[in-house]
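Here's the structure, in structure tokens; my notes come after.
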Amino acid sequence: MRLTSLDVFRGIAIAGMILANTVSLGEAYPWLDHAPWNGCTPVDLVFPFFLFIVGVAMAFSLCKYTERNRPTAAVYWRIARRALILFALGLLLNGFWNYDWANIRLMGILQRISLTYLLASLIVLKMPRKGQWAIAAGLLIGYWLAMSFIPVPGYGAGILTREGNLGAYIDRLIIGAAHLYKGDGYKSLGDPEGLFSTLPAVVTVLLGYFTGDWLRTEPVQSRTSAGMALFGIGCVAAGWVWGLGLEFPINKKLWTSSYVLFTAGIALLLLAACYELIEVRKLRAWSKPFEVMGLNAIFVFVASVLVIKIMVKTRIGTGDAAPTTYEWIYKNFFVPWAGALNGSLFLAILTVLFWWAVLYAMYRQRWFVKI
């Protein structure tokens with residue numbers, strides 16, 4: 001079984017990612033920029049959407065393995081192989097193009113997807129359903145307790161600043177600050193893809209898995225969409241209450257437990273809307289462009305990031321003052337008539353349309369890049 005609504009949801013997330021990545025190079029409206037620290041903007045939803053989608057897709061790809069049909073060593077190898085490829089692609093993007101291995105940033109978006117996919121797959125294949133839920137709850141509660149009550153040398157307990165939080169301290173001990181933060185544009189610590197904060201991110205994947213596994217057994221009807229929406233509202237409310245009442249604020253860079261629930265809830269609401277329109281009501285004309293983008297998500301993710309890196313590393317002209325390729329295009333073709341903010345937005349929209357055209361050509365040729 002393949003859910004077209006899931007492909008559309010994935011395509012919406014990819015379009016949002018390309019838009020946000022391009023806008024971030026110029027002047028951005030606040031709603032198109034990440035929250036400085038606590039809080040959540042639309043852009044802060046894109047990454048957890050990807051992890052949630054990984055979990056939903058996992059429910060369909062792993063459903064054939066049961067107590068009577070246990071996965072073989074070859075199955076585990078395929079999972080490990082996919083995780084290794086994703087991690088390697090992440091390093092390829094982080095190091096492009098001089099590859100200073102002494103200072104390369106080890107963690108990143110694809111690396112987090114790799115690790116959470118691997119860990120969530122093992123939990124799903126090795127643990128019964130009650131155990132899976134127990135691990136998900138334990139990770140969220142345990143992460144909150146650790147971040148709130150374990151003291152960090154020089155800062156104390158419950159200090160959720162960039163430098164003073166427990167996650168950043170553990171990451172520095174395990175990997176080292178240089179390998180986590182150099183070359184990624186952050187001026188201080190607080191990495192959205194740090195190693196320690198990968199633990200609650202596993203729950204984002206598991207919540208997607210629980211959703212996908214439930215969808216496999218439910219009839220295609222509005223009641224199913226309503227069930228997703230109600231559970232989504234519950235997750236949003238729980239995340240909001242956890243952030244305010246328990247002083248563990250919604251924070252993408254720390255991937256707080258409240259952020260996990262809040263963003264998973266919004267993912268459920270968006271998936272419920274796509275499911276109702278596409279699967280139940282058969283209203284699919286609007287969704288085709290997003291479906292095209294969602295069917296080659298990994299390809300366009302890697303390709304678009306590489307192009308962005310090329311645009312910011314190459315220059316038009318000579319000398320240190322020569323503008324980057326991005327700056328030259330932005331300031332010469334968009335700022336004069338649209339202004340700084342709208343110019344950045346229009347360039348980002350044009351970039352999304354360019355990649356859609358590339359993916360549509362691949363779709364017409366039935367070229368689908370899989371890992």
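Residues in the structure tokens are named by chain (A, B, ... in the order shown) and by number from 1 within that chain; ligands are numbered from 1 in the order shown.
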Within 8 Å of Gly95 of chain A using only C-alpha atoms, minus same-chain residues under 5 positions, as a list in words: Asp100, Trp101, Ile104 and Arg105 of chain A
Could you give me, as number ranges by chain, the residues within 10 Å of Asn296 of chain A, counting only C-alpha atoms and dropping anything in the same chain fewer than 4 positions from it? A: 7, 10-11, 14, 291-292, 300-301, 359-360, 362-363, 367-370
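Ranking A:Phe210, A:Phe50, A:Trp37, A:Phe231 by their shortest atom-to-atom distance to Met17 of chain A, with only C-alpha atoms included, puts A:Phe50 first.
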Do you know which residues are at most 9 Å from Trp355 of chain A counting only C-alpha atoms, after dropping those on the same chain fewer than 6 positions away, and could you put them as a list of chain:residue names?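 Using only C-alpha atoms, the neighbours found are A:Ala15, A:Ile18, A:Met293, A:Val300, A:Ser304.
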Skip segment 125-140 of chain A itself and residues of its chain fewer than 2 positions away, then list as a list in words all residues within 9 Å of it, counting only C-alpha atoms.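 The contact residues come out as Leu62, Tyr65, Thr66, Arg70, Pro71, Ala120, Ser121, Leu122, Ile123, Gly142, Tyr143, Trp144, Leu145, Leu199, Pro200, Val202, Val203, Thr204, Leu206, Leu207, Phe210, Thr256, Ser257, Ser258 and Val260 of chain A.
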The selected residues should be written to file as a PDB file, in the first residue's frame (atoms: C-alpha atoms).
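Output contents, as saved in again.pdb:
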```pdb
ATOM      1  CA  LEU A  62       8.342  -2.915   7.933  1.00  0.00           C
ATOM      2  CA  TYR A  65       7.831  -8.431   9.759  1.00  0.00           C
ATOM      3  CA  THR A  66       5.901 -10.019  12.618  1.00  0.00           C
ATOM      4  CA  ARG A  70      11.137 -12.181  11.974  1.00  0.00           C
ATOM      5  CA  PRO A  71      13.554  -9.999   9.990  1.00  0.00           C
ATOM      6  CA  ALA A 120      13.630   3.764  15.456  1.00  0.00           C
ATOM      7  CA  SER A 121      13.853   0.781  13.092  1.00  0.00           C
ATOM      8  CA  LEU A 122      15.616  -1.297  15.730  1.00  0.00           C
ATOM      9  CA  ILE A 123      13.024  -0.323  18.349  1.00  0.00           C
ATOM     10  CA  GLY A 142      14.101  11.182  30.559  1.00  0.00           C
ATOM     11  CA  TYR A 143      15.390  13.942  28.257  1.00  0.00           C
ATOM     12  CA  TRP A 144      13.304  16.534  30.108  1.00  0.00           C
ATOM     13  CA  LEU A 145      14.538  15.333  33.526  1.00  0.00           C
ATOM     14  CA  LEU A 199      17.390  10.956  21.458  1.00  0.00           C
ATOM     15  CA  PRO A 200      14.087  12.891  21.612  1.00  0.00           C
ATOM     16  CA  VAL A 202      13.851   9.395  17.691  1.00  0.00           C
ATOM     17  CA  VAL A 203      10.418   9.901  19.257  1.00  0.00           C
ATOM     18  CA  THR A 204       9.409  12.149  16.346  1.00  0.00           C
ATOM     19  CA  LEU A 206       8.246   6.782  16.378  1.00  0.00           C
ATOM     20  CA  LEU A 207       5.181   9.027  16.492  1.00  0.00           C
ATOM     21  CA  PHE A 210       2.537   4.835  15.215  1.00  0.00           C
ATOM     22  CA  THR A 256      12.885  19.665  23.583  1.00  0.00           C
ATOM     23  CA  SER A 257      10.198  17.157  24.495  1.00  0.00           C
ATOM     24  CA  SER A 258       7.580  19.911  24.180  1.00  0.00           C
ATOM     25  CA  VAL A 260       8.539  16.944  19.748  1.00  0.00           C
TER      26      VAL A 260
END
```
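For the atom pair formed by atom CA of Asn38 of chain A and atom CA of Gly164 of chain A, the distance is 14.6 Å, given to one decimal.
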Exercise: segment 332-349 of chain A partners within 9 Å, only C-alpha atoms, chain neighbours under 3 positions left out, as a PDB file with C-alpha atoms, in the first residue's frame:
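Result written to result-v9.pdb:
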```pdb
ATOM      1  CA  ILE A  18      14.090  24.751  -0.424  1.00  0.00           C
ATOM      2  CA  LEU A  19      12.173  27.976   0.184  1.00  0.00           C
ATOM      3  CA  ALA A  20      13.597  28.395   3.695  1.00  0.00           C
ATOM      4  CA  ASN A  21      17.176  27.523   2.689  1.00  0.00           C
ATOM      5  CA  THR A  22      17.150  30.048  -0.154  1.00  0.00           C
ATOM      6  CA  VAL A  23      15.476  32.828   1.814  1.00  0.00           C
ATOM      7  CA  SER A  24      18.005  32.411   4.623  1.00  0.00           C
ATOM      8  CA  LEU A  25      20.769  33.653   2.304  1.00  0.00           C
ATOM      9  CA  GLY A  26      19.196  37.105   2.025  1.00  0.00           C
ATOM     10  CA  GLU A  27      16.764  39.235   4.033  1.00  0.00           C
ATOM     11  CA  ALA A  28      13.912  37.123   5.397  1.00  0.00           C
ATOM     12  CA  TYR A  29      10.505  37.875   6.814  1.00  0.00           C
ATOM     13  CA  LEU A  32      10.435  32.596   7.083  1.00  0.00           C
ATOM     14  CA  GLU A 327      24.488  38.083  -3.789  1.00  0.00           C
ATOM     15  CA  TRP A 328      25.044  39.134  -7.388  1.00  0.00           C
ATOM     16  CA  ILE A 329      21.824  37.520  -8.606  1.00  0.00           C
ATOM     17  CA  VAL A 352      11.398  26.129  -5.780  1.00  0.00           C
ATOM     18  CA  LEU A 353       9.844  26.339  -9.262  1.00  0.00           C
ATOM     19  CA  PHE A 354      13.207  25.553 -10.865  1.00  0.00           C
TER      20      PHE A 354
END
```
Pick from A:Ala361, A:Leu254, A:Ile113, A:Val307, whichever lies nearest to Leu84 of chain A using only C-alpha atoms: A:Ile113
All residues 9 Å or closer to Ala267 of chain A, only C-alpha atoms, same chain fewer than 4 positions away omitted, as a ChimeraX atom specification: /A:9,45,48-49,52-53,208,232,262-263,271-272
Produce a file of the selected residues containing all heavy atoms, as an mmCIF file, in the first residue's frame.
```
data_model
loop_
_atom_site.group_PDB
_atom_site.id
_atom_site.type_symbol
_atom_site.label_atom_id
_atom_site.label_comp_id
_atom_site.auth_asym_id
_atom_site.auth_seq_id
_atom_site.Cartn_x
_atom_site.Cartn_y
_atom_site.Cartn_z
ATOM 1 N N PHE A 9 2.529 15.202 1.267
ATOM 2 C CA PHE A 9 3.029 15.802 2.511
ATOM 3 C C PHE A 9 4.545 15.955 2.443
ATOM 4 O O PHE A 9 5.097 17.003 2.796
ATOM 5 C CB PHE A 9 2.607 14.925 3.685
ATOM 6 C CG PHE A 9 2.967 15.468 5.039
ATOM 7 C CD1 PHE A 9 3.295 16.793 5.233
ATOM 8 C CD2 PHE A 9 2.960 14.629 6.144
ATOM 9 C CE1 PHE A 9 3.620 17.283 6.491
ATOM 10 C CE2 PHE A 9 3.286 15.093 7.407
ATOM 11 C CZ PHE A 9 3.617 16.431 7.576
ATOM 12 N N LEU A 45 9.171 23.950 11.495
ATOM 13 C CA LEU A 45 8.367 22.729 11.371
ATOM 14 C C LEU A 45 8.916 21.769 10.325
ATOM 15 O O LEU A 45 8.597 20.577 10.345
ATOM 16 C CB LEU A 45 6.926 23.094 10.992
ATOM 17 C CG LEU A 45 6.145 23.952 11.983
ATOM 18 C CD1 LEU A 45 4.803 24.350 11.374
ATOM 19 C CD2 LEU A 45 5.930 23.211 13.298
ATOM 20 N N PRO A 48 11.238 18.529 11.621
ATOM 21 C CA PRO A 48 10.481 17.453 12.277
ATOM 22 C C PRO A 48 9.457 16.805 11.350
ATOM 23 O O PRO A 48 9.148 15.618 11.518
ATOM 24 C CB PRO A 48 9.804 18.153 13.461
ATOM 25 C CG PRO A 48 9.874 19.604 13.159
ATOM 26 C CD PRO A 48 11.104 19.805 12.357
ATOM 27 N N PHE A 49 8.943 17.549 10.367
ATOM 28 C CA PHE A 49 8.054 16.935 9.383
ATOM 29 C C PHE A 49 8.768 15.801 8.653
ATOM 30 O O PHE A 49 8.202 14.734 8.428
ATOM 31 C CB PHE A 49 7.580 17.976 8.374
ATOM 32 C CG PHE A 49 6.454 18.857 8.863
ATOM 33 C CD1 PHE A 49 5.962 18.737 10.160
ATOM 34 C CD2 PHE A 49 5.878 19.798 8.035
ATOM 35 C CE1 PHE A 49 4.925 19.538 10.618
ATOM 36 C CE2 PHE A 49 4.843 20.601 8.473
ATOM 37 C CZ PHE A 49 4.366 20.482 9.758
ATOM 38 N N PHE A 52 8.998 12.813 10.954
ATOM 39 C CA PHE A 52 7.676 12.215 11.104
ATOM 40 C C PHE A 52 7.319 11.398 9.862
ATOM 41 O O PHE A 52 6.800 10.285 9.968
ATOM 42 C CB PHE A 52 6.652 13.333 11.331
ATOM 43 C CG PHE A 52 5.263 12.846 11.626
ATOM 44 C CD1 PHE A 52 4.876 12.548 12.921
ATOM 45 C CD2 PHE A 52 4.332 12.703 10.606
ATOM 46 C CE1 PHE A 52 3.595 12.096 13.202
ATOM 47 C CE2 PHE A 52 3.046 12.257 10.874
ATOM 48 C CZ PHE A 52 2.678 11.953 12.175
ATOM 49 N N ILE A 53 7.614 11.932 8.688
ATOM 50 C CA ILE A 53 7.328 11.235 7.427
ATOM 51 C C ILE A 53 8.140 9.947 7.336
ATOM 52 O O ILE A 53 7.638 8.917 6.868
ATOM 53 C CB ILE A 53 7.620 12.165 6.239
ATOM 54 C CG1 ILE A 53 6.573 13.288 6.183
ATOM 55 C CG2 ILE A 53 7.638 11.397 4.916
ATOM 56 C CD1 ILE A 53 6.956 14.440 5.279
ATOM 57 N N GLY A 208 5.550 9.160 14.093
ATOM 58 C CA GLY A 208 5.169 8.952 12.699
ATOM 59 C C GLY A 208 4.876 7.489 12.423
ATOM 60 O O GLY A 208 3.910 7.163 11.724
ATOM 61 N N GLY A 232 -3.744 14.963 16.720
ATOM 62 C CA GLY A 232 -2.836 16.068 16.459
ATOM 63 C C GLY A 232 -3.095 17.240 17.378
ATOM 64 O O GLY A 232 -2.156 17.839 17.926
ATOM 65 N N PHE A 262 4.623 19.136 20.071
ATOM 66 C CA PHE A 262 4.003 20.255 19.365
ATOM 67 C C PHE A 262 4.119 20.082 17.850
ATOM 68 O O PHE A 262 3.133 20.205 17.119
ATOM 69 C CB PHE A 262 4.662 21.566 19.812
ATOM 70 C CG PHE A 262 4.078 22.795 19.179
ATOM 71 C CD1 PHE A 262 2.901 23.341 19.650
ATOM 72 C CD2 PHE A 262 4.719 23.414 18.111
ATOM 73 C CE1 PHE A 262 2.360 24.489 19.065
ATOM 74 C CE2 PHE A 262 4.189 24.548 17.518
ATOM 75 C CZ PHE A 262 2.999 25.093 18.005
ATOM 76 N N THR A 263 5.328 19.772 17.371
ATOM 77 C CA THR A 263 5.527 19.648 15.919
ATOM 78 C C THR A 263 4.895 18.378 15.361
ATOM 79 O O THR A 263 4.386 18.374 14.239
ATOM 80 C CB THR A 263 7.022 19.680 15.582
ATOM 81 O OG1 THR A 263 7.716 18.666 16.335
ATOM 82 C CG2 THR A 263 7.624 21.038 15.916
ATOM 83 N N LEU A 271 -1.116 16.112 7.760
ATOM 84 C CA LEU A 271 -1.324 14.819 7.118
ATOM 85 C C LEU A 271 -2.812 14.474 7.075
ATOM 86 O O LEU A 271 -3.301 13.919 6.074
ATOM 87 C CB LEU A 271 -0.543 13.729 7.856
ATOM 88 C CG LEU A 271 -0.664 12.312 7.276
ATOM 89 C CD1 LEU A 271 -0.197 12.270 5.824
ATOM 90 C CD2 LEU A 271 0.147 11.319 8.111
ATOM 91 N N ALA A 272 -3.536 14.804 8.129
ATOM 92 C CA ALA A 272 -4.977 14.547 8.151
ATOM 93 C C ALA A 272 -5.679 15.319 7.044
ATOM 94 O O ALA A 272 -6.583 14.787 6.371
ATOM 95 C CB ALA A 272 -5.556 14.925 9.513
#
```
Do a neighbour search on Lys252 of chain A at 8 Å with only C-alpha atoms, toss out local chain neighbours closer than 6 positions, and write the hits as a list in words.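 Surrounding residues, per the criterion: Trp37, Asn38, Gly39, Cys40, Asp44, Pro192 and Tyr259 of chain A.
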Output all heavy atoms for every residue in that selection, as a JSON list (two decimals), in the first residue's frame.
```
[["chain", "number", "residue", "atom", "x", "y", "z"],
["A", 37, "TRP", "N", 15.71, 31.40, 19.47],
["A", 37, "TRP", "CA", 16.00, 30.37, 20.46],
["A", 37, "TRP", "C", 14.69, 29.65, 20.81],
["A", 37, "TRP", "O", 14.30, 28.72, 20.12],
["A", 37, "TRP", "CB", 16.68, 30.97, 21.70],
["A", 37, "TRP", "CG", 17.21, 29.94, 22.66],
["A", 37, "TRP", "CD1", 16.84, 29.77, 23.96],
["A", 37, "TRP", "CD2", 18.20, 28.94, 22.40],
["A", 37, "TRP", "NE1", 17.53, 28.72, 24.53],
["A", 37, "TRP", "CE2", 18.39, 28.20, 23.59],
["A", 37, "TRP", "CE3", 18.95, 28.59, 21.28],
["A", 37, "TRP", "CZ2", 19.27, 27.13, 23.69],
["A", 37, "TRP", "CZ3", 19.85, 27.53, 21.39],
["A", 37, "TRP", "CH2", 20.00, 26.81, 22.58],
["A", 38, "ASN", "N", 13.97, 30.09, 21.83],
["A", 38, "ASN", "CA", 12.69, 29.47, 22.14],
["A", 38, "ASN", "C", 11.63, 29.92, 21.13],
["A", 38, "ASN", "O", 11.71, 30.99, 20.55],
["A", 38, "ASN", "CB", 12.25, 29.84, 23.55],
["A", 38, "ASN", "CG", 13.16, 29.24, 24.62],
["A", 38, "ASN", "OD1", 13.77, 28.19, 24.41],
["A", 38, "ASN", "ND2", 13.25, 29.91, 25.75],
["A", 39, "GLY", "N", 10.61, 29.07, 20.96],
["A", 39, "GLY", "CA", 9.54, 29.39, 20.04],
["A", 39, "GLY", "C", 9.60, 28.52, 18.79],
["A", 39, "GLY", "O", 10.49, 27.69, 18.63],
["A", 40, "CYS", "N", 8.62, 28.72, 17.91],
["A", 40, "CYS", "CA", 8.52, 27.89, 16.71],
["A", 40, "CYS", "C", 7.87, 28.69, 15.59],
["A", 40, "CYS", "O", 6.75, 29.18, 15.73],
["A", 40, "CYS", "CB", 7.70, 26.64, 17.02],
["A", 40, "CYS", "SG", 7.62, 25.45, 15.65],
["A", 44, "ASP", "N", 10.56, 26.26, 11.36],
["A", 44, "ASP", "CA", 11.00, 25.29, 12.37],
["A", 44, "ASP", "C", 10.20, 23.99, 12.33],
["A", 44, "ASP", "O", 10.52, 23.04, 13.04],
["A", 44, "ASP", "CB", 10.89, 25.90, 13.77],
["A", 44, "ASP", "CG", 11.87, 27.03, 13.99],
["A", 44, "ASP", "OD1", 13.01, 26.91, 13.52],
["A", 44, "ASP", "OD2", 11.49, 28.04, 14.61],
["A", 192, "PRO", "N", 21.10, 22.48, 16.31],
["A", 192, "PRO", "CA", 19.83, 21.80, 16.12],
["A", 192, "PRO", "C", 19.96, 20.33, 15.74],
["A", 192, "PRO", "O", 18.98, 19.61, 15.73],
["A", 192, "PRO", "CB", 19.17, 22.60, 14.98],
["A", 192, "PRO", "CG", 20.31, 23.20, 14.25],
["A", 192, "PRO", "CD", 21.35, 23.49, 15.29],
["A", 259, "TYR", "N", 8.75, 20.42, 22.12],
["A", 259, "TYR", "CA", 8.87, 20.64, 20.67],
["A", 259, "TYR", "C", 8.49, 19.38, 19.89],
["A", 259, "TYR", "O", 7.83, 19.45, 18.85],
["A", 259, "TYR", "CB", 10.32, 21.06, 20.36],
["A", 259, "TYR", "CG", 10.65, 21.21, 18.90],
["A", 259, "TYR", "CD1", 10.22, 22.32, 18.18],
["A", 259, "TYR", "CD2", 11.41, 20.25, 18.24],
["A", 259, "TYR", "CE1", 10.55, 22.47, 16.84],
["A", 259, "TYR", "CE2", 11.74, 20.39, 16.90],
["A", 259, "TYR", "CZ", 11.31, 21.51, 16.20],
["A", 259, "TYR", "OH", 11.63, 21.64, 14.87]]
```
What is the atom CA of Leu106 of chain A to atom CA of Asn94 of chain A distance in Å?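 Value for the atom CA of Leu106 of chain A-atom CA of Asn94 of chain A distance: 7.7 Å.
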What separates atom CA of Leu118 of chain A and atom CA of Leu51 of chain A is a distance of 11.8 Å
Could you check the closest approach to Val56 of chain A for each of A:Leu119, A:Ala80, A:Leu92, A:Leu6 and tell me which residue wins, using only C-alpha atoms?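 Using only C-alpha atoms, Val56 of chain A sits closest to A:Leu6.
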